[in-house]
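Participant: Just dropping this structure here.
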Amino acid sequence: VHGFALRGARPVFCDVRRDTLNLDERRLPECLSERTKAIVVVHYAGVACEMDEILAIAGARGVPVVEDNAHGLFGRYRGRPLGTLGAFGTQSFHETKNFSCGEGGALVINDAAAAGRAEIMWEKGTNRSQFLRGEIDKYSWVDLGSSWLPSDLLAAQLLGQLEARHDVQRGRRRAWECYHAALTPWAQKLGVQLPVVPAHCESAYHLFHMLMPDEAQRAALTRHLLERGVRSASHYAPLHTSPMGLQFGGQKGQCPIAEDAAVTLVRLPMYNTLSEELQERIIAAVTSWEPCANDHVSSP
């Protein structure tokens with residue numbers, strides 16, 4: 001969002017679905033206007049948004065779709081790789097992602113008309129790549145651009161991980177499926193929502209998160225886990241109620257599902273080398289927790 005705001009755009013926030021926590025395509029039309037320049041979707045936790053519906057809505061209005069695929073590298077939607085469905089797909093190689101070089105990212109361009117300008121921007125605003133291909137006899141400054149390249153050392157670190165992507169993803173899938181199978185009875189008993197992956201989606205297994213029945217129960221579970229040596233975490237705070245979001249017209253209550261998820265979601269440790277022994281300890285710590293009378297939010 002910051003990247004768009006930095007260039008003068010005004011973000012308009014849409015609420016998420018209750019099941020996948022992805023953008024709710026049913027609420028998308030009400031967020032659009034004649035001033036809409038792009039629709040930006042996040043494949044939360046590595047599970048795809050409902051892209052057929054979103055692309056149909058965007059196509060009817062002539063608006064491009066940008067996929068924020070920070071969570072979704074190697075995930076799929078109806079057999080198609082995430083990040084290749086919209087006009088643009090952004091990848092993140094931040095230290096918290098499945099594949100990391102500390103900081104870094106990539107832009108996947110699916111719009112041939114934009115590829116030439118993107119290359120110039122990537123080349124610091126010059127047409128140097130055309131010169132290197134022998135298409136022109138000298139290169140010059142022709143547009144705005146910058147230096148966005150990773151160092152060779154960081155690129156090499158990332159390349160090694162990408163070459164081992166099948167092993168990395170296999171380890172993450174094993175950990176995710178182990179959590180889901182072991183925690184399902186406990187979750188059903190206590191009304192906890194585990195991650196939902198629709199049948200037509202293949203997850204990238206970026207996160208394993210749970211939605212607790214209320215904020216107090218999340219706090220109680222978090223304390224319980226920490227006392228047993230398990231560090232869990234919450235996740236995103238709603239941007240529309242952040243200080244900057246309010247300046248752009250966001251209001252509390254505008255995205256109620258996102259606001260509820262922000263105070264009830266808890267993430268468990270999740271990485272491709274998570275050992276079975278350690279995961280069993282985490283699962284035992286989770287399933288040993290049950291709410292008490294003080295763990296419920298009182299009605300106003």
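Note on naming: chains are A, B, ... as they come in the structure tokens, residues start from 1 per chain, ligands start from 1 in the order shown.
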Just list as a ChimeraX atom specification whatever in region 87-165 of chain A DSSP marks as helix (DSSP H, G or I).
Facilitator: /A:112-122,128-132,152-163,165
Participant: Using N, CA, C and O atoms, can you write the selected residues to a file as a tab-separated table (two decimals), in the first residue's frame?
Facilitator:
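Produced file selection_39.tsv, reproduced below:
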chain	number	residue	atom	x	y	z
A	112	ALA	N	2.56	-7.48	-21.70
A	112	ALA	CA	3.68	-7.24	-22.62
A	112	ALA	C	3.89	-5.76	-22.87
A	112	ALA	O	5.03	-5.31	-23.08
A	113	ALA	N	2.83	-4.97	-22.83
A	113	ALA	CA	2.94	-3.54	-23.10
A	113	ALA	C	3.76	-2.82	-22.04
A	113	ALA	O	4.31	-1.75	-22.29
A	114	ALA	N	3.82	-3.39	-20.84
A	114	ALA	CA	4.54	-2.76	-19.73
A	114	ALA	C	5.97	-3.25	-19.60
A	114	ALA	O	6.76	-2.66	-18.86
A	115	ALA	N	6.31	-4.31	-20.30
A	115	ALA	CA	7.62	-4.93	-20.10
A	115	ALA	C	8.77	-4.01	-20.50
A	115	ALA	O	9.80	-3.94	-19.81
A	116	GLY	N	8.63	-3.30	-21.61
A	116	GLY	CA	9.70	-2.45	-22.07
A	116	GLY	C	10.02	-1.33	-21.09
A	116	GLY	O	11.19	-1.07	-20.78
A	117	ARG	N	8.97	-0.67	-20.58
A	117	ARG	CA	9.22	0.42	-19.64
A	117	ARG	C	9.78	-0.12	-18.33
A	117	ARG	O	10.63	0.51	-17.70
A	118	ALA	N	9.31	-1.29	-17.89
A	118	ALA	CA	9.82	-1.88	-16.66
A	118	ALA	C	11.31	-2.15	-16.77
A	118	ALA	O	12.07	-1.93	-15.82
A	119	GLU	N	11.76	-2.62	-17.94
A	119	GLU	CA	13.18	-2.87	-18.14
A	119	GLU	C	13.98	-1.57	-18.02
A	119	GLU	O	15.05	-1.54	-17.41
A	120	ILE	N	13.45	-0.48	-18.56
A	120	ILE	CA	14.14	0.81	-18.48
A	120	ILE	C	14.20	1.30	-17.05
A	120	ILE	O	15.24	1.79	-16.58
A	121	MET	N	13.12	1.17	-16.32
A	121	MET	CA	13.11	1.56	-14.91
A	121	MET	C	14.12	0.74	-14.12
A	121	MET	O	14.83	1.24	-13.25
A	122	TRP	N	14.19	-0.55	-14.43
A	122	TRP	CA	15.12	-1.48	-13.77
A	122	TRP	C	16.57	-1.10	-14.07
A	122	TRP	O	17.47	-1.29	-13.26
A	128	ARG	N	19.86	0.87	-21.46
A	128	ARG	CA	21.12	0.12	-21.55
A	128	ARG	C	20.92	-1.31	-22.05
A	128	ARG	O	21.75	-1.83	-22.79
A	129	SER	N	19.84	-1.97	-21.62
A	129	SER	CA	19.60	-3.34	-22.05
A	129	SER	C	19.43	-3.43	-23.57
A	129	SER	O	19.91	-4.38	-24.21
A	130	GLN	N	18.76	-2.45	-24.15
A	130	GLN	CA	18.63	-2.43	-25.60
A	130	GLN	C	20.01	-2.28	-26.27
A	130	GLN	O	20.29	-2.91	-27.30
A	131	PHE	N	20.86	-1.46	-25.67
A	131	PHE	CA	22.23	-1.29	-26.19
A	131	PHE	C	23.00	-2.60	-26.12
A	131	PHE	O	23.69	-2.99	-27.09
A	132	LEU	N	22.90	-3.31	-24.99
A	132	LEU	CA	23.62	-4.57	-24.82
A	132	LEU	C	23.12	-5.64	-25.79
A	132	LEU	O	23.88	-6.54	-26.16
A	152	ASP	N	25.27	-9.44	-5.70
A	152	ASP	CA	25.54	-10.79	-6.19
A	152	ASP	C	25.49	-11.80	-5.06
A	152	ASP	O	25.02	-12.94	-5.24
A	153	LEU	N	25.98	-11.42	-3.87
A	153	LEU	CA	25.99	-12.33	-2.74
A	153	LEU	C	24.58	-12.69	-2.30
A	153	LEU	O	24.26	-13.87	-2.06
A	154	LEU	N	23.69	-11.69	-2.22
A	154	LEU	CA	22.31	-11.97	-1.84
A	154	LEU	C	21.59	-12.78	-2.91
A	154	LEU	O	20.80	-13.68	-2.60
A	155	ALA	N	21.87	-12.46	-4.17
A	155	ALA	CA	21.26	-13.21	-5.27
A	155	ALA	C	21.68	-14.67	-5.24
A	155	ALA	O	20.88	-15.58	-5.48
A	156	ALA	N	22.96	-14.93	-4.92
A	156	ALA	CA	23.45	-16.30	-4.83
A	156	ALA	C	22.79	-17.05	-3.68
A	156	ALA	O	22.44	-18.24	-3.81
A	157	GLN	N	22.61	-16.36	-2.55
A	157	GLN	CA	21.92	-16.98	-1.41
A	157	GLN	C	20.50	-17.38	-1.79
A	157	GLN	O	20.03	-18.47	-1.46
A	158	LEU	N	19.82	-16.49	-2.50
A	158	LEU	CA	18.45	-16.77	-2.92
A	158	LEU	C	18.39	-17.89	-3.95
A	158	LEU	O	17.53	-18.78	-3.89
A	159	LEU	N	19.31	-17.87	-4.90
A	159	LEU	CA	19.33	-18.88	-5.95
A	159	LEU	C	19.46	-20.28	-5.38
A	159	LEU	O	18.79	-21.21	-5.82
A	160	GLY	N	20.34	-20.43	-4.37
A	160	GLY	CA	20.51	-21.75	-3.76
A	160	GLY	C	19.21	-22.27	-3.17
A	160	GLY	O	18.91	-23.47	-3.26
A	161	GLN	N	18.42	-21.38	-2.57
A	161	GLN	CA	17.13	-21.79	-2.00
A	161	GLN	C	16.14	-22.15	-3.10
A	161	GLN	O	15.40	-23.13	-2.98
A	162	LEU	N	16.11	-21.35	-4.16
A	162	LEU	CA	15.17	-21.62	-5.25
A	162	LEU	C	15.49	-22.94	-5.94
A	162	LEU	O	14.59	-23.66	-6.37
A	163	GLU	N	16.78	-23.25	-6.03
A	163	GLU	CA	17.16	-24.53	-6.63
A	163	GLU	C	16.71	-25.70	-5.76
A	163	GLU	O	16.48	-26.80	-6.27
A	165	ARG	N	13.88	-25.64	-4.07
A	165	ARG	CA	12.50	-25.28	-3.75
A	165	ARG	C	11.61	-26.47	-3.45
A	165	ARG	O	10.72	-26.39	-2.60
Participant: Near Asp19 (chain A), counting only C-alpha atoms, which residues have an atom at most 10 Å away, once you skip same-chain residues fewer than 5 positions from it, shown as a count of residues only?
Facilitator: 7
Participant: Kindly indicate which residue among A:Ala261, A:Met212, A:Gly229, A:Val108 lies nearest to Leu21 (chain A), using only C-alpha atoms for the distances.
Facilitator: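 That would be A:Ala261, the residue with the smallest distance to Leu21 (chain A).
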Participant: Just want the 12 Å neighbourhood of Ala182 (chain A), counted on only C-alpha atoms, with same-chain residues fewer than 6 positions away dropped. Output as a list in words.
Facilitator: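 Returned residues: Ala175, Trp176, Gln188, Leu194, Gln279, Glu280, Arg281, Ile282, Ile283, Ala284, Ala285, Val286 and Thr287 of chain A.
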Participant: At a cut-off of 9 Å, using only C-alpha atoms, what residues contact Ile54 (chain A)? Leave out same-chain residues fewer than 4 positions from it and give the result as a list in words.
Facilitator: Glu25, Arg26, Leu28, Ile39, Val41, Cys49, Glu50, Ala58, Gly59 and Val65 of chain A
Participant: Next, the residues of the selection above should be written as a PDB file, in the first residue's frame with all heavy atoms.
Facilitator:
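Ended up saving to selection-v6.pdb:
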ATOM      1  N   GLU A  25     -14.243 -11.054  -2.727  1.00  0.00           N
ATOM      2  CA  GLU A  25     -14.604 -10.641  -4.086  1.00  0.00           C
ATOM      3  C   GLU A  25     -16.058 -10.175  -4.178  1.00  0.00           C
ATOM      4  O   GLU A  25     -16.413  -9.400  -5.076  1.00  0.00           O
ATOM      5  CB  GLU A  25     -14.349 -11.791  -5.069  1.00  0.00           C
ATOM      6  CG  GLU A  25     -15.279 -12.989  -4.955  1.00  0.00           C
ATOM      7  CD  GLU A  25     -14.974 -13.914  -3.785  1.00  0.00           C
ATOM      8  OE1 GLU A  25     -13.994 -13.654  -3.052  1.00  0.00           O
ATOM      9  OE2 GLU A  25     -15.712 -14.903  -3.611  1.00  0.00           O
ATOM     10  N   ARG A  26     -16.906 -10.606  -3.242  1.00  0.00           N
ATOM     11  CA  ARG A  26     -18.309 -10.174  -3.254  1.00  0.00           C
ATOM     12  C   ARG A  26     -18.458  -8.725  -2.829  1.00  0.00           C
ATOM     13  O   ARG A  26     -19.437  -8.072  -3.178  1.00  0.00           O
ATOM     14  CB  ARG A  26     -19.124 -11.096  -2.344  1.00  0.00           C
ATOM     15  CG  ARG A  26     -19.138 -12.554  -2.807  1.00  0.00           C
ATOM     16  CD  ARG A  26     -19.515 -13.495  -1.702  1.00  0.00           C
ATOM     17  NE  ARG A  26     -18.512 -13.479  -0.628  1.00  0.00           N
ATOM     18  CZ  ARG A  26     -18.497 -14.335   0.397  1.00  0.00           C
ATOM     19  NH1 ARG A  26     -19.434 -15.272   0.477  1.00  0.00           N
ATOM     20  NH2 ARG A  26     -17.567 -14.257   1.319  1.00  0.00           N
ATOM     21  N   LEU A  28     -15.951  -6.482  -3.428  1.00  0.00           N
ATOM     22  CA  LEU A  28     -15.062  -5.684  -4.262  1.00  0.00           C
ATOM     23  C   LEU A  28     -15.786  -4.617  -5.079  1.00  0.00           C
ATOM     24  O   LEU A  28     -15.335  -3.460  -5.114  1.00  0.00           O
ATOM     25  CB  LEU A  28     -14.245  -6.606  -5.173  1.00  0.00           C
ATOM     26  CG  LEU A  28     -13.279  -5.937  -6.142  1.00  0.00           C
ATOM     27  CD1 LEU A  28     -12.273  -5.050  -5.407  1.00  0.00           C
ATOM     28  CD2 LEU A  28     -12.547  -6.991  -6.972  1.00  0.00           C
ATOM     29  N   ILE A  39      -6.526  -2.892  -8.964  1.00  0.00           N
ATOM     30  CA  ILE A  39      -7.024  -3.731  -7.870  1.00  0.00           C
ATOM     31  C   ILE A  39      -5.849  -4.567  -7.379  1.00  0.00           C
ATOM     32  O   ILE A  39      -5.219  -5.276  -8.168  1.00  0.00           O
ATOM     33  CB  ILE A  39      -8.172  -4.642  -8.341  1.00  0.00           C
ATOM     34  CG1 ILE A  39      -9.375  -3.801  -8.792  1.00  0.00           C
ATOM     35  CG2 ILE A  39      -8.580  -5.613  -7.242  1.00  0.00           C
ATOM     36  CD1 ILE A  39     -10.450  -4.604  -9.504  1.00  0.00           C
ATOM     37  N   VAL A  41      -4.471  -7.461  -4.794  1.00  0.00           N
ATOM     38  CA  VAL A  41      -4.915  -8.575  -3.953  1.00  0.00           C
ATOM     39  C   VAL A  41      -3.711  -9.226  -3.285  1.00  0.00           C
ATOM     40  O   VAL A  41      -2.614  -9.251  -3.846  1.00  0.00           O
ATOM     41  CB  VAL A  41      -5.694  -9.638  -4.773  1.00  0.00           C
ATOM     42  CG1 VAL A  41      -6.916  -9.019  -5.428  1.00  0.00           C
ATOM     43  CG2 VAL A  41      -4.803 -10.295  -5.827  1.00  0.00           C
ATOM     44  N   CYS A  49      -6.557 -15.928  -3.635  1.00  0.00           N
ATOM     45  CA  CYS A  49      -7.844 -15.245  -3.702  1.00  0.00           C
ATOM     46  C   CYS A  49      -8.683 -15.895  -4.809  1.00  0.00           C
ATOM     47  O   CYS A  49      -8.170 -16.671  -5.622  1.00  0.00           O
ATOM     48  CB  CYS A  49      -7.636 -13.768  -4.031  1.00  0.00           C
ATOM     49  SG  CYS A  49      -6.724 -12.827  -2.794  1.00  0.00           S
ATOM     50  N   GLU A  50      -9.959 -15.553  -4.856  1.00  0.00           N
ATOM     51  CA  GLU A  50     -10.840 -16.087  -5.902  1.00  0.00           C
ATOM     52  C   GLU A  50     -10.603 -15.275  -7.177  1.00  0.00           C
ATOM     53  O   GLU A  50     -11.334 -14.350  -7.516  1.00  0.00           O
ATOM     54  CB  GLU A  50     -12.297 -16.029  -5.448  1.00  0.00           C
ATOM     55  CG  GLU A  50     -12.619 -16.996  -4.320  1.00  0.00           C
ATOM     56  CD  GLU A  50     -12.360 -18.450  -4.710  1.00  0.00           C
ATOM     57  OE1 GLU A  50     -12.441 -18.792  -5.919  1.00  0.00           O
ATOM     58  OE2 GLU A  50     -12.068 -19.263  -3.806  1.00  0.00           O
ATOM     59  N   ALA A  58     -12.492  -6.912 -12.680  1.00  0.00           N
ATOM     60  CA  ALA A  58     -11.492  -5.967 -13.167  1.00  0.00           C
ATOM     61  C   ALA A  58     -11.590  -5.788 -14.675  1.00  0.00           C
ATOM     62  O   ALA A  58     -11.498  -4.665 -15.192  1.00  0.00           O
ATOM     63  CB  ALA A  58     -10.094  -6.452 -12.776  1.00  0.00           C
ATOM     64  N   GLY A  59     -11.786  -6.900 -15.401  1.00  0.00           N
ATOM     65  CA  GLY A  59     -11.875  -6.829 -16.850  1.00  0.00           C
ATOM     66  C   GLY A  59     -13.061  -6.015 -17.328  1.00  0.00           C
ATOM     67  O   GLY A  59     -12.965  -5.274 -18.312  1.00  0.00           O
ATOM     68  N   VAL A  65      -5.124  -5.903 -12.497  1.00  0.00           N
ATOM     69  CA  VAL A  65      -5.009  -6.550 -11.194  1.00  0.00           C
ATOM     70  C   VAL A  65      -3.534  -6.758 -10.883  1.00  0.00           C
ATOM     71  O   VAL A  65      -2.776  -7.261 -11.715  1.00  0.00           O
ATOM     72  CB  VAL A  65      -5.746  -7.902 -11.164  1.00  0.00           C
ATOM     73  CG1 VAL A  65      -5.477  -8.641  -9.856  1.00  0.00           C
ATOM     74  CG2 VAL A  65      -7.242  -7.696 -11.352  1.00  0.00           C
TER      75      VAL A  65
END
Participant: Between CA of Gly3 (chain A) and CA of Met270 (chain A), measure the distance and give it in Å to one decimal.
Facilitator: 28.2 Å
Participant: Please provide the set of residues having any atom within 12 Å of Thr96 (chain A), restricted to only C-alpha atoms, with same-chain residues fewer than 4 positions apart removed, written as a list in words.
Facilitator: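 Those residues are Ala45, Ala70, His71, Ser92, Ser100, Cys101, Gly102, Glu103, Gly104, His206, Leu207, Pro269, Met270 and Tyr271 of chain A.
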Participant: Leaving out Gly171 (chain A) and any residue of its chain fewer than 3 positions from it, which residues lie within 8 Å of it when counting only C-alpha atoms, given as an MDAnalysis selection string?
Facilitator: chainID A and resid 167:168 174:175 271:274
Participant: Any chance you could list, as JSON, numbers by chain, the residues in region 216-284 of chain A that come up strand (DSSP E or B) when DSSP is run on the backbone?
Facilitator: {"A": [233, 265, 266, 267]}
Participant: Near Ser232 (chain A), within 8 Å and counting only C-alpha atoms, which residues show up once chain neighbours fewer than 5 positions away are dropped, as a VMD selection string?
Facilitator: chain A and resid 222 225 to 226 266 to 269
Participant: Would you export the selected residues with N, CA, C and O atoms as a PDB file, in the first residue's frame, please?
Facilitator:
ATOM      1  N   THR A 222      -1.860 -17.468  24.090  1.00  0.00           N
ATOM      2  CA  THR A 222      -0.501 -16.953  23.874  1.00  0.00           C
ATOM      3  C   THR A 222       0.318 -17.039  25.162  1.00  0.00           C
ATOM      4  O   THR A 222       1.485 -17.453  25.141  1.00  0.00           O
ATOM      5  N   LEU A 225       1.148 -20.726  25.919  1.00  0.00           N
ATOM      6  CA  LEU A 225       2.225 -21.256  25.077  1.00  0.00           C
ATOM      7  C   LEU A 225       3.576 -20.713  25.513  1.00  0.00           C
ATOM      8  O   LEU A 225       4.566 -21.457  25.568  1.00  0.00           O
ATOM      9  N   LEU A 226       3.627 -19.424  25.823  1.00  0.00           N
ATOM     10  CA  LEU A 226       4.899 -18.825  26.222  1.00  0.00           C
ATOM     11  C   LEU A 226       5.429 -19.449  27.502  1.00  0.00           C
ATOM     12  O   LEU A 226       6.642 -19.668  27.645  1.00  0.00           O
ATOM     13  N   VAL A 266      -3.738 -16.122  15.762  1.00  0.00           N
ATOM     14  CA  VAL A 266      -2.462 -16.494  16.358  1.00  0.00           C
ATOM     15  C   VAL A 266      -1.729 -17.414  15.380  1.00  0.00           C
ATOM     16  O   VAL A 266      -2.336 -18.309  14.778  1.00  0.00           O
ATOM     17  N   ARG A 267      -0.437 -17.166  15.206  1.00  0.00           N
ATOM     18  CA  ARG A 267       0.384 -17.971  14.306  1.00  0.00           C
ATOM     19  C   ARG A 267       1.306 -18.875  15.111  1.00  0.00           C
ATOM     20  O   ARG A 267       1.895 -18.450  16.107  1.00  0.00           O
ATOM     21  N   LEU A 268       1.453 -20.106  14.641  1.00  0.00           N
ATOM     22  CA  LEU A 268       2.358 -21.059  15.273  1.00  0.00           C
ATOM     23  C   LEU A 268       3.693 -21.095  14.519  1.00  0.00           C
ATOM     24  O   LEU A 268       3.749 -20.739  13.336  1.00  0.00           O
ATOM     25  N   PRO A 269       4.765 -21.510  15.181  1.00  0.00           N
ATOM     26  CA  PRO A 269       6.062 -21.612  14.492  1.00  0.00           C
ATOM     27  C   PRO A 269       5.946 -22.464  13.230  1.00  0.00           C
ATOM     28  O   PRO A 269       5.356 -23.548  13.255  1.00  0.00           O
TER      29      PRO A 269
END
Participant: Have a look at A:Val40, A:Ile136, A:Cys31, A:Leu107 and name the one nearest to Asp15 (chain A); count only C-alpha atoms.
Facilitator: A:Cys31
Participant: I'd like to know which of A:Gly83, A:Pro291, A:Gly253, A:Gly46 is closest to Leu221 (chain A), using only C-alpha atoms.
Facilitator: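 The closest residue to Leu221 (chain A) is A:Pro291.
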